[in-house]
file input_31.cif (mmCIF, C-alpha atoms)
data_run
#
loop_
_atom_site.group_PDB
_atom_site.id
_atom_site.type_symbol
_atom_site.label_atom_id
_atom_site.label_comp_id
_atom_site.auth_asym_id
_atom_site.auth_seq_id
_atom_site.Cartn_x
_atom_site.Cartn_y
_atom_site.Cartn_z
ATOM 1 C CA MET A 1 -73.127 16.819 37.788
ATOM 2 C CA PRO A 2 -75.474 15.083 40.316
ATOM 3 C CA GLY A 3 -74.249 14.927 43.819
ATOM 4 C CA SER A 4 -71.597 16.706 45.700
ATOM 5 C CA ALA A 5 -68.775 16.361 48.163
ATOM 6 C CA ASN A 6 -67.764 17.453 51.593
ATOM 7 C CA ALA A 7 -64.472 17.965 53.346
ATOM 8 C CA SER A 8 -64.124 14.259 53.835
ATOM 9 C CA THR A 9 -65.444 14.151 50.704
ATOM 10 C CA ALA A 10 -67.959 12.462 48.478
ATOM 11 C CA PHE A 11 -66.428 13.538 45.192
ATOM 12 C CA SER A 12 -62.918 14.745 45.788
ATOM 13 C CA PRO A 13 -60.470 15.081 48.652
ATOM 14 C CA THR A 14 -60.557 18.878 48.285
ATOM 15 C CA PHE A 15 -62.886 21.353 49.918
ATOM 16 C CA ALA A 16 -63.013 23.197 46.595
ATOM 17 C CA ALA A 17 -65.169 20.418 45.126
ATOM 18 C CA VAL A 18 -67.760 20.958 47.841
ATOM 19 C CA ALA A 19 -67.892 24.652 47.152
ATOM 20 C CA THR A 20 -68.152 24.074 43.396
ATOM 21 C CA PHE A 21 -71.253 21.888 43.605
ATOM 22 C CA GLU A 22 -72.835 23.974 46.334
ATOM 23 C CA GLU A 23 -72.346 27.131 44.287
ATOM 24 C CA ALA A 24 -73.666 25.427 41.150
ATOM 25 C CA ALA A 25 -76.803 24.043 42.818
ATOM 26 C CA PRO A 26 -79.244 26.847 41.855
ATOM 27 C CA ARG A 27 -78.244 26.569 38.182
ATOM 28 C CA TYR A 28 -77.455 22.866 37.921
ATOM 29 C CA ASP A 29 -79.153 21.143 34.965
ATOM 30 C CA SER A 30 -81.251 24.230 34.306
ATOM 31 C CA SER A 31 -79.624 25.661 31.175
ATOM 32 C CA GLY A 32 -82.043 23.888 28.841
ATOM 33 C CA ALA A 33 -79.314 21.636 27.421
ATOM 34 C CA GLN A 34 -80.412 18.112 28.319
ATOM 35 C CA LEU A 35 -77.829 15.699 29.740
ATOM 36 C CA ALA A 36 -78.802 14.557 33.229
ATOM 37 C CA GLY A 37 -82.430 13.877 32.281
ATOM 38 C CA PRO A 38 -81.870 11.466 29.377
ATOM 39 C CA ILE A 39 -79.182 9.620 31.334
ATOM 40 C CA ALA A 40 -81.493 9.324 34.350
ATOM 41 C CA ASP A 41 -84.326 8.019 32.150
ATOM 42 C CA ARG A 42 -82.166 5.208 30.831
ATOM 43 C CA LEU A 43 -80.639 4.386 34.212
ATOM 44 C CA VAL A 44 -83.984 4.083 35.988
ATOM 45 C CA SER A 45 -85.324 1.922 33.168
ATOM 46 C CA LEU A 46 -82.305 -0.412 33.291
ATOM 47 C CA ALA A 47 -82.511 -0.715 37.089
ATOM 48 C CA GLY A 48 -85.856 -2.518 36.823
ATOM 49 C CA LEU A 49 -87.445 -0.828 39.832
ATOM 50 C CA ARG A 50 -90.864 -2.045 40.991
ATOM 51 C CA PRO A 51 -93.721 -0.606 43.045
ATOM 52 C CA GLY A 52 -92.904 -0.913 46.733
ATOM 53 C CA ASP A 53 -89.134 -0.773 46.334
ATOM 54 C CA GLN A 54 -86.998 1.129 48.813
ATOM 55 C CA VAL A 55 -84.432 3.105 46.798
ATOM 56 C CA LEU A 56 -81.353 5.150 47.583
ATOM 57 C CA ASP A 57 -80.299 7.782 45.055
ATOM 58 C CA ALA A 58 -76.641 8.216 45.974
ATOM 59 C CA GLY A 59 -75.506 11.696 44.991
ATOM 60 C CA CYS A 60 -78.980 12.874 44.069
ATOM 61 C CA GLY A 61 -77.935 16.296 42.828
ATOM 62 C CA ALA A 62 -80.955 18.195 41.545
ATOM 63 C CA GLY A 63 -83.124 15.055 41.645
ATOM 64 C CA ALA A 64 -83.158 13.699 38.083
ATOM 65 C CA VAL A 65 -82.993 10.066 39.241
ATOM 66 C CA THR A 66 -84.873 10.661 42.495
ATOM 67 C CA ILE A 67 -87.983 12.016 40.804
ATOM 68 C CA ARG A 68 -88.077 9.356 38.107
ATOM 69 C CA SER A 69 -87.539 6.560 40.635
ATOM 70 C CA ALA A 70 -90.254 7.881 42.942
ATOM 71 C CA ARG A 71 -92.818 7.599 40.164
ATOM 72 C CA VAL A 72 -91.819 4.028 39.318
ATOM 73 C CA VAL A 73 -91.855 2.676 42.893
ATOM 74 C CA SER A 74 -95.302 4.109 43.690
ATOM 75 C CA PRO A 75 -97.417 2.957 45.304
ATOM 76 C CA GLY A 76 -95.712 1.786 48.455
ATOM 77 C CA GLY A 77 -92.110 2.548 47.563
ATOM 78 C CA GLN A 78 -89.840 5.210 48.979
ATOM 79 C CA VAL A 79 -86.809 7.044 47.571
ATOM 80 C CA ILE A 80 -84.140 8.693 49.697
ATOM 81 C CA GLY A 81 -81.890 11.179 47.930
ATOM 82 C CA VAL A 82 -78.510 11.653 49.595
ATOM 83 C CA ASP A 83 -76.051 14.404 48.815
ATOM 84 C CA LEU A 84 -73.567 16.588 50.652
ATOM 85 C CA ALA A 85 -74.563 19.833 48.962
ATOM 86 C CA GLU A 86 -77.424 21.461 50.835
ATOM 87 C CA GLY A 87 -78.347 23.422 47.733
ATOM 88 C CA MET A 88 -78.781 20.224 45.730
ATOM 89 C CA LEU A 89 -80.973 18.745 48.436
ATOM 90 C CA ARG A 90 -83.160 21.830 48.412
ATOM 91 C CA ARG A 91 -83.508 21.515 44.635
ATOM 92 C CA THR A 92 -84.563 17.859 44.902
ATOM 93 C CA ALA A 93 -86.962 18.551 47.766
ATOM 94 C CA ALA A 94 -88.623 21.414 45.923
ATOM 95 C CA GLU A 95 -88.951 19.378 42.735
ATOM 96 C CA ALA A 96 -90.555 16.475 44.611
ATOM 97 C CA ALA A 97 -92.946 18.757 46.455
ATOM 98 C CA GLY A 98 -93.876 20.567 43.274
ATOM 99 C CA ARG A 99 -94.774 17.279 41.625
ATOM 100 C CA GLY A 100 -96.758 16.044 44.611
ATOM 101 C CA LEU A 101 -94.392 13.152 45.329
ATOM 102 C CA ALA A 102 -94.851 12.310 49.001
ATOM 103 C CA ASN A 103 -92.545 9.289 48.791
ATOM 104 C CA VAL A 104 -89.307 11.287 48.492
ATOM 105 C CA THR A 105 -87.023 12.154 51.390
ATOM 106 C CA VAL A 106 -83.696 13.952 51.169
ATOM 107 C CA ARG A 107 -80.831 13.590 53.586
ATOM 108 C CA ARG A 108 -77.389 15.122 53.826
ATOM 109 C CA GLY A 109 -74.682 12.460 53.816
ATOM 110 C CA ASN A 110 -71.525 11.169 52.195
ATOM 111 C CA VAL A 111 -72.470 8.943 49.265
ATOM 112 C CA SER A 112 -69.227 6.996 49.662
ATOM 113 C CA ARG A 113 -70.427 5.909 53.102
ATOM 114 C CA PRO A 114 -74.221 6.223 53.192
ATOM 115 C CA PRO A 115 -75.416 6.347 56.823
ATOM 116 C CA PHE A 116 -77.812 3.412 56.646
ATOM 117 C CA ALA A 117 -78.014 -0.017 58.206
ATOM 118 C CA PRO A 118 -77.091 -3.143 56.222
ATOM 119 C CA GLY A 119 -79.916 -4.443 54.070
ATOM 120 C CA SER A 120 -81.845 -1.170 54.019
ATOM 121 C CA PHE A 121 -82.554 -0.890 50.281
ATOM 122 C CA ASP A 122 -83.875 -2.841 47.338
ATOM 123 C CA ALA A 123 -81.838 -0.653 44.996
ATOM 124 C CA VAL A 124 -78.999 1.865 45.054
ATOM 125 C CA LEU A 125 -78.834 4.143 42.014
ATOM 126 C CA ALA A 126 -76.097 6.648 41.194
ATOM 127 C CA SER A 127 -76.055 8.719 38.027
ATOM 128 C CA LEU A 128 -72.835 10.495 37.037
ATOM 129 C CA VAL A 129 -71.412 10.092 40.528
ATOM 130 C CA LEU A 130 -69.123 7.090 40.971
ATOM 131 C CA TYR A 131 -66.455 8.355 38.589
ATOM 132 C CA LEU A 132 -65.972 11.427 40.801
ATOM 133 C CA LEU A 133 -65.439 9.531 44.054
ATOM 134 C CA PRO A 134 -61.953 9.036 45.516
ATOM 135 C CA ASP A 135 -62.304 5.250 45.998
ATOM 136 C CA PRO A 136 -64.971 3.696 43.724
ATOM 137 C CA GLY A 137 -64.158 0.167 44.897
ATOM 138 C CA ALA A 138 -64.708 0.973 48.564
ATOM 139 C CA THR A 139 -67.925 2.767 47.645
ATOM 140 C CA LEU A 140 -69.222 -0.252 45.738
ATOM 141 C CA ARG A 141 -68.487 -2.450 48.748
ATOM 142 C CA ARG A 142 -70.433 -0.098 51.010
ATOM 143 C CA TRP A 143 -73.365 0.068 48.601
ATOM 144 C CA ARG A 144 -73.441 -3.732 48.514
ATOM 145 C CA GLU A 145 -73.706 -3.817 52.315
ATOM 146 C CA ILE A 146 -76.780 -1.598 52.436
ATOM 147 C CA LEU A 147 -78.585 -3.621 49.763
ATOM 148 C CA ARG A 148 -80.929 -6.397 50.704
ATOM 149 C CA PRO A 149 -80.035 -9.878 49.410
ATOM 150 C CA GLY A 150 -80.864 -9.868 45.712
ATOM 151 C CA GLY A 151 -80.911 -6.057 45.662
ATOM 152 C CA THR A 152 -79.764 -3.995 42.708
ATOM 153 C CA VAL A 153 -77.042 -1.430 42.167
ATOM 154 C CA ALA A 154 -77.260 0.634 38.983
ATOM 155 C CA PHE A 155 -75.077 3.537 37.925
ATOM 156 C CA SER A 156 -73.861 5.526 34.930
ATOM 157 C CA TRP A 157 -70.524 7.046 33.975
ATOM 158 C CA GLY A 158 -68.870 8.685 31.008
ATOM 159 C CA ILE A 159 -66.483 6.589 28.968
ATOM 160 C CA ARG A 160 -65.691 8.701 25.928
ATOM 161 C CA PRO A 161 -65.990 12.434 25.294
ATOM 162 C CA ASP A 162 -66.846 13.839 21.895
ATOM 163 C CA PRO A 163 -63.447 14.105 20.149
ATOM 164 C CA ARG A 164 -64.601 17.147 18.191
ATOM 165 C CA TRP A 165 -64.879 19.020 21.473
ATOM 166 C CA SER A 166 -61.464 18.085 22.866
ATOM 167 C CA PRO A 167 -59.761 21.213 21.444
ATOM 168 C CA VAL A 168 -62.461 23.373 23.038
ATOM 169 C CA PHE A 169 -61.982 21.873 26.483
ATOM 170 C CA GLY A 170 -58.231 21.948 26.003
ATOM 171 C CA ALA A 171 -58.331 25.669 25.209
ATOM 172 C CA VAL A 172 -60.175 26.390 28.455
ATOM 173 C CA ASP A 173 -58.141 23.929 30.524
ATOM 174 C CA SER A 174 -54.949 25.717 29.495
ATOM 175 C CA TYR A 175 -56.028 28.630 31.700
ATOM 176 C CA ALA A 176 -56.755 26.444 34.749
ATOM 177 C CA LYS A 177 -54.002 26.507 37.338
ATOM 178 C CA GLY A 178 -53.097 23.305 39.137
ATOM 179 C CA ALA A 179 -56.103 21.255 38.082
ATOM 180 C CA ASP A 180 -56.821 18.233 35.955
ATOM 181 C CA GLY A 181 -58.588 19.091 32.730
ATOM 182 C CA PHE A 182 -62.279 18.444 32.261
ATOM 183 C CA GLU A 183 -61.766 15.420 30.058
ATOM 184 C CA ALA A 184 -59.601 13.830 32.751
ATOM 185 C CA TYR A 185 -62.905 12.925 34.423
ATOM 186 C CA ALA A 186 -64.160 11.074 31.360
ATOM 187 C CA GLY A 187 -63.056 7.464 31.364
ATOM 188 C CA ARG A 188 -61.860 7.556 34.966
ATOM 189 C CA LEU A 189 -63.785 4.373 35.755
ATOM 190 C CA GLY A 190 -62.521 2.650 32.644
ATOM 191 C CA SER A 191 -64.390 0.561 30.123
ATOM 192 C CA PRO A 192 -67.542 -1.475 30.734
ATOM 193 C CA GLU A 193 -65.333 -4.566 30.747
ATOM 194 C CA GLU A 194 -63.146 -3.094 33.463
ATOM 195 C CA MET A 195 -66.186 -2.115 35.495
ATOM 196 C CA THR A 196 -67.585 -5.620 35.118
ATOM 197 C CA ALA A 197 -64.363 -6.987 36.623
ATOM 198 C CA MET A 198 -64.523 -4.495 39.491
ATOM 199 C CA LEU A 199 -68.113 -5.368 40.335
ATOM 200 C CA ASP A 200 -67.317 -9.071 40.185
ATOM 201 C CA ALA A 201 -64.327 -8.576 42.480
ATOM 202 C CA HIS A 202 -66.528 -6.827 45.037
ATOM 203 C CA GLY A 203 -69.054 -9.650 45.221
ATOM 204 C CA TYR A 204 -71.782 -8.587 42.802
ATOM 205 C CA THR A 205 -73.522 -11.022 40.500
ATOM 206 C CA GLY A 206 -75.767 -10.822 37.445
ATOM 207 C CA ILE A 207 -73.656 -7.970 36.106
ATOM 208 C CA ARG A 208 -74.862 -6.270 32.924
ATOM 209 C CA THR A 209 -73.320 -3.340 31.135
ATOM 210 C CA SER A 210 -74.426 -1.263 28.193
ATOM 211 C CA THR A 211 -73.394 1.908 26.392
ATOM 212 C CA HIS A 212 -75.333 4.719 24.790
ATOM 213 C CA THR A 213 -74.398 7.962 23.078
ATOM 214 C CA VAL A 214 -76.234 10.984 24.453
ATOM 215 C CA PRO A 215 -76.480 14.014 22.152
ATOM 216 C CA VAL A 216 -76.441 17.278 24.104
ATOM 217 C CA ARG A 217 -77.645 20.267 22.088
ATOM 218 C CA TYR A 218 -76.811 23.865 22.961
ATOM 219 C CA THR A 219 -78.354 26.902 21.321
ATOM 220 C CA GLY A 220 -74.849 28.309 20.932
ATOM 221 C CA PRO A 221 -71.520 28.904 22.688
ATOM 222 C CA ARG A 222 -73.014 31.066 25.423
ATOM 223 C CA GLN A 223 -75.467 28.401 26.585
ATOM 224 C CA TRP A 224 -72.686 25.818 26.591
ATOM 225 C CA TRP A 225 -70.454 28.092 28.681
ATOM 226 C CA GLN A 226 -73.176 28.757 31.227
ATOM 227 C CA ALA A 227 -74.105 25.079 31.452
ATOM 228 C CA SER A 228 -70.508 23.922 31.807
ATOM 229 C CA TRP A 229 -69.869 26.076 34.858
ATOM 230 C CA ALA A 230 -72.808 24.456 36.644
ATOM 231 C CA GLU A 231 -71.666 20.911 35.860
ATOM 232 C CA ALA A 232 -68.520 18.801 36.201
ATOM 233 C CA PRO A 233 -66.210 21.146 34.251
ATOM 234 C CA GLY A 234 -66.458 23.555 37.130
ATOM 235 C CA LEU A 235 -64.299 21.171 39.152
ATOM 236 C CA ALA A 236 -61.395 22.084 36.883
ATOM 237 C CA TRP A 237 -62.452 25.492 35.653
ATOM 238 C CA GLN A 238 -62.835 26.972 39.124
ATOM 239 C CA HIS A 239 -59.033 27.098 39.029
ATOM 240 C CA ILE A 240 -59.056 29.651 36.223
ATOM 241 C CA PRO A 241 -58.061 33.008 37.725
ATOM 242 C CA ASP A 242 -60.807 35.618 37.456
ATOM 243 C CA ALA A 243 -58.562 37.776 35.290
ATOM 244 C CA ASP A 244 -58.218 34.952 32.731
ATOM 245 C CA ARG A 245 -61.835 33.853 32.417
ATOM 246 C CA ASP A 246 -62.718 36.208 29.591
ATOM 247 C CA ALA A 247 -59.688 35.031 27.628
ATOM 248 C CA ALA A 248 -60.611 31.371 28.249
ATOM 249 C CA ARG A 249 -64.149 31.999 27.075
ATOM 250 C CA ARG A 250 -62.998 33.808 23.945
ATOM 251 C CA ALA A 251 -60.614 30.968 23.074
ATOM 252 C CA ALA A 252 -63.410 28.412 23.401
ATOM 253 C CA PHE A 253 -65.949 30.495 21.508
ATOM 254 C CA ALA A 254 -63.592 30.967 18.579
ATOM 255 C CA LEU A 255 -63.353 27.201 18.169
ATOM 256 C CA LEU A 256 -67.067 26.645 18.713
ATOM 257 C CA GLU A 257 -68.053 29.077 15.980
ATOM 258 C CA ARG A 258 -66.574 26.635 13.471
ATOM 259 C CA MET A 259 -68.607 23.739 14.895
ATOM 260 C CA ARG A 260 -72.110 25.167 14.641
ATOM 261 C CA GLU A 261 -74.823 23.082 13.030
ATOM 262 C CA PRO A 262 -76.742 24.567 10.060
ATOM 263 C CA ASP A 263 -79.332 25.952 12.493
ATOM 264 C CA GLY A 264 -76.611 27.616 14.583
ATOM 265 C CA SER A 265 -76.750 25.152 17.463
ATOM 266 C CA LEU A 266 -73.921 23.065 18.886
ATOM 267 C CA VAL A 267 -74.148 19.314 19.492
ATOM 268 C CA ARG A 268 -71.869 17.402 21.835
ATOM 269 C CA ARG A 269 -72.155 13.606 21.701
ATOM 270 C CA VAL A 270 -71.095 11.938 24.934
ATOM 271 C CA GLU A 271 -70.717 8.177 25.185
ATOM 272 C CA MET A 272 -72.122 6.901 28.454
ATOM 273 C CA ALA A 273 -71.910 3.514 30.101
ATOM 274 C CA TYR A 274 -74.394 1.887 32.445
ATOM 275 C CA ALA A 275 -73.934 -0.989 34.856
ATOM 276 C CA VAL A 276 -76.559 -3.019 36.679
ATOM 277 C CA ALA A 277 -75.566 -5.685 39.213
ATOM 278 C CA HIS A 278 -76.962 -7.471 42.246
ATOM 279 C CA ARG A 279 -76.085 -8.454 45.747
ATOM 280 C CA PRO A 280 -76.273 -12.259 45.719
ATOM 281 C CA PRO A 281 -79.525 -13.695 47.059
ATOM 282 C CA GLU A 282 -79.502 -15.114 50.564
ATOM 283 C CA GLY A 283 -77.911 -18.526 50.606
ATOM 284 C CA SER A 284 -76.066 -17.933 47.344
ATOM 285 C CA THR A 285 -72.344 -18.608 47.116
ATOM 286 C CA GLY A 286 -71.972 -15.163 45.572
ATOM 287 C CA GLU A 287 -70.184 -16.644 42.620
ATOM 288 C CA GLY A 288 -71.200 -16.080 39.069
ATOM 289 C CA ARG A 289 -69.847 -14.578 35.956
ATOM 290 C CA ALA A 290 -70.869 -11.308 34.411
ATOM 291 C CA ALA A 291 -72.959 -11.022 31.295
ATOM 292 C CA ALA A 292 -73.006 -8.146 28.829
ATOM 293 C CA ILE A 293 -76.126 -6.691 27.337
ATOM 294 C CA PRO A 294 -76.062 -4.947 24.007
ATOM 295 C CA GLY A 295 -75.442 -1.224 24.019
ATOM 296 C CA PRO A 296 -77.409 0.381 21.530
ATOM 297 C CA HIS A 297 -89.800 15.313 49.706
ATOM 298 C CA LYS A 298 -92.257 13.585 51.305
ATOM 299 C CA ALA A 299 -89.572 16.197 50.840
ATOM 300 C CA ALA A 300 -87.899 16.018 54.202
ATOM 301 C CA GLY A 301 -85.197 18.012 55.893
ATOM 302 C CA ARG A 302 -81.551 17.077 56.052
#

call {"tool": "encode", "arguments": {"input": "input_31.cif", "output": "C-alpha cells"}}
result
Amino acid sequence: MPGSANASTAFSPTFAAVATFEEAAPRYDSSGAQLAGPIADRLVSLAGLRPGDQVLDAGCGAGAVTIRSARVVSPGGQVIGVDLAEGMLRRTAAEAAGRGLANVTVRRGNVSRPPFAPGSFDAVLASLVLYLLPDPGATLRRWREILRPGGTVAFSWGIRPDPRWSPVFGAVDSYAKGADGFEAYAGRLGSPEEMTAMLDAHGYTGIRTSTHTVPVRYTGPRQWWQASWAEAPGLAWQHIPDADRDAARRAAFALLERMREPDGSLVRRVEMAYAVAHRPPEGSTGEGRAAAIPGPHKAAGR
C-alpha cells in the first residue's frame, strides 16, 4: 500500500517492512486491479483542496494521491510527497514528470515525523497509511503541528475486509511464520466513531467521517496473487518460507476457483473509511464536537 517504512520506522518497528515496500515499489498498484486509485479519488475530493494550497502527501507510495492533488491545487499550489522507500519516490517522480506536473516534489522522510516546520501546509493527506504506523495518535499530533491554522488533515483506512475472502487469506496466513495475518491490518484504527474520538482528543475540530465500499476486480487468482505481494499482504506473507509458497498459492487458488464471477473474474469488496478534520483557526479555543457525514516532480530528488 502507499508509503513505506524505515528502520525507525514509518510503518512498522521492523526492518522487514522497509524491505517489503522497497521491493514492491516497481510493481505497486500496477497489476490492473484498481484499489489505490479509487480510494485516492474519493480522499482528494473529500479533502476540499483549492488552487494555491500547499499539500503534504504523507506516505505517497506510487503517487496516487500526489498526482490527483497536484492537479487540483494548480495553479499556484504545490504538493510534496514523502515516503521512506526510494523506489516509491522514484515511481511518484516519474509519474509526475510524465504528466507534466511541475508542482510536485518528492522527499525521503518518516511520515510519522515529517521534517517540516510548524504551519507549513494547508493540508496533509494520507491514503492507506495511518493504520500501518506504530503510533497513530502521535502521528496525528505531529501532522496537526505542521498544518496552518484552519488547515485540513484527510486520510483513509480499511475498516472491514470482504468476509467471503477471509478463508482465502487465512489459508495463506497459515503458512506465514511469526507474523500477523493480512486481515489483522484491517480495522486496526477502529471504527469511524473511534477515529472521531481520537481526532477530537488530539485537538482537531470540524471532524467528518464517511465510509465507502470499494470493489476490486481481478481477472482471476493469478492476478490477485501478483497484486497481493506488491501491497499490504506482503507485510505478512514475506514470512512464508520459500519452500512453502507454492503450497500457499495452491491452497488459496483452490478456494478462489469457487468464488469466480460468471465472467471468470474475482471481486473483493473492501469497506473503507475516510476522515477529514481541521486544525482550529487562529484564536479558536480548539473546542468543538465532531460531526458525521453520510457514507454512501517538479519531480525533485530526495

call {"tool": "closest_residue", "arguments": {"input": "input_31.cif", "among": "A:Glu282, A:Asp57, A:Glu194, A:Asp200", "to": "Val124 (chain A)", "atoms": "all atoms listed in the file"}}
result
A:Asp57

call {"tool": "axis_aligned_box", "arguments": {"input": "input_31.cif", "around": "region 255-265 of chain A", "padding_each_side": "5 Å", "output": "JSON"}}
result
{"center_x": -71.3, "center_y": 26.1, "center_z": 14.4, "size_x": 26.0, "size_y": 16.0, "size_z": 18.7}

call {"tool": "resolve_selection", "arguments": {"input": "input_31.cif", "expression": "the PyMOL selection byres ((chain A and resi 59-65) around 6)", "output": "PyMOL selection string"}}
result
chain A and resi 2-3+37+40+57-58+66-69+81-83+88+91-92+111

call {"tool": "residues_around", "arguments": {"input": "input_31.cif", "residues": "Leu256 (chain A)", "least_positions_apart": "5", "cutoff": "9 Å", "atoms": "all atoms listed in the file", "output": "ChimeraX atom specification"}}
result
/A:165,168,220-221,251,266

call {"tool": "resolve_selection", "arguments": {"input": "input_31.cif", "expression": "the PyMOL selection byres ((chain A and resi 245) around 12)", "output": "PDB file with C-alpha atoms, in the coordinates of the input"}}
result
ATOM      1  CA  ALA A 171     -58.331  25.669  25.209  1.00  0.00           C
ATOM      2  CA  VAL A 172     -60.175  26.390  28.455  1.00  0.00           C
ATOM      3  CA  ASP A 173     -58.141  23.929  30.524  1.00  0.00           C
ATOM      4  CA  SER A 174     -54.949  25.717  29.495  1.00  0.00           C
ATOM      5  CA  TYR A 175     -56.028  28.630  31.700  1.00  0.00           C
ATOM      6  CA  ALA A 176     -56.755  26.444  34.749  1.00  0.00           C
ATOM      7  CA  LYS A 177     -54.002  26.507  37.338  1.00  0.00           C
ATOM      8  CA  TRP A 225     -70.454  28.092  28.681  1.00  0.00           C
ATOM      9  CA  TRP A 229     -69.869  26.076  34.858  1.00  0.00           C
ATOM     10  CA  TRP A 237     -62.452  25.492  35.653  1.00  0.00           C
ATOM     11  CA  GLN A 238     -62.835  26.972  39.124  1.00  0.00           C
ATOM     12  CA  HIS A 239     -59.033  27.098  39.029  1.00  0.00           C
ATOM     13  CA  ILE A 240     -59.056  29.651  36.223  1.00  0.00           C
ATOM     14  CA  PRO A 241     -58.061  33.008  37.725  1.00  0.00           C
ATOM     15  CA  ASP A 242     -60.807  35.618  37.456  1.00  0.00           C
ATOM     16  CA  ALA A 243     -58.562  37.776  35.290  1.00  0.00           C
ATOM     17  CA  ASP A 244     -58.218  34.952  32.731  1.00  0.00           C
ATOM     18  CA  ASP A 246     -62.718  36.208  29.591  1.00  0.00           C
ATOM     19  CA  ALA A 247     -59.688  35.031  27.628  1.00  0.00           C
ATOM     20  CA  ALA A 248     -60.611  31.371  28.249  1.00  0.00           C
ATOM     21  CA  ARG A 249     -64.149  31.999  27.075  1.00  0.00           C
ATOM     22  CA  ARG A 250     -62.998  33.808  23.945  1.00  0.00           C
ATOM     23  CA  ALA A 251     -60.614  30.968  23.074  1.00  0.00           C
ATOM     24  CA  ALA A 252     -63.410  28.412  23.401  1.00  0.00           C
TER      25      ALA A 252
END
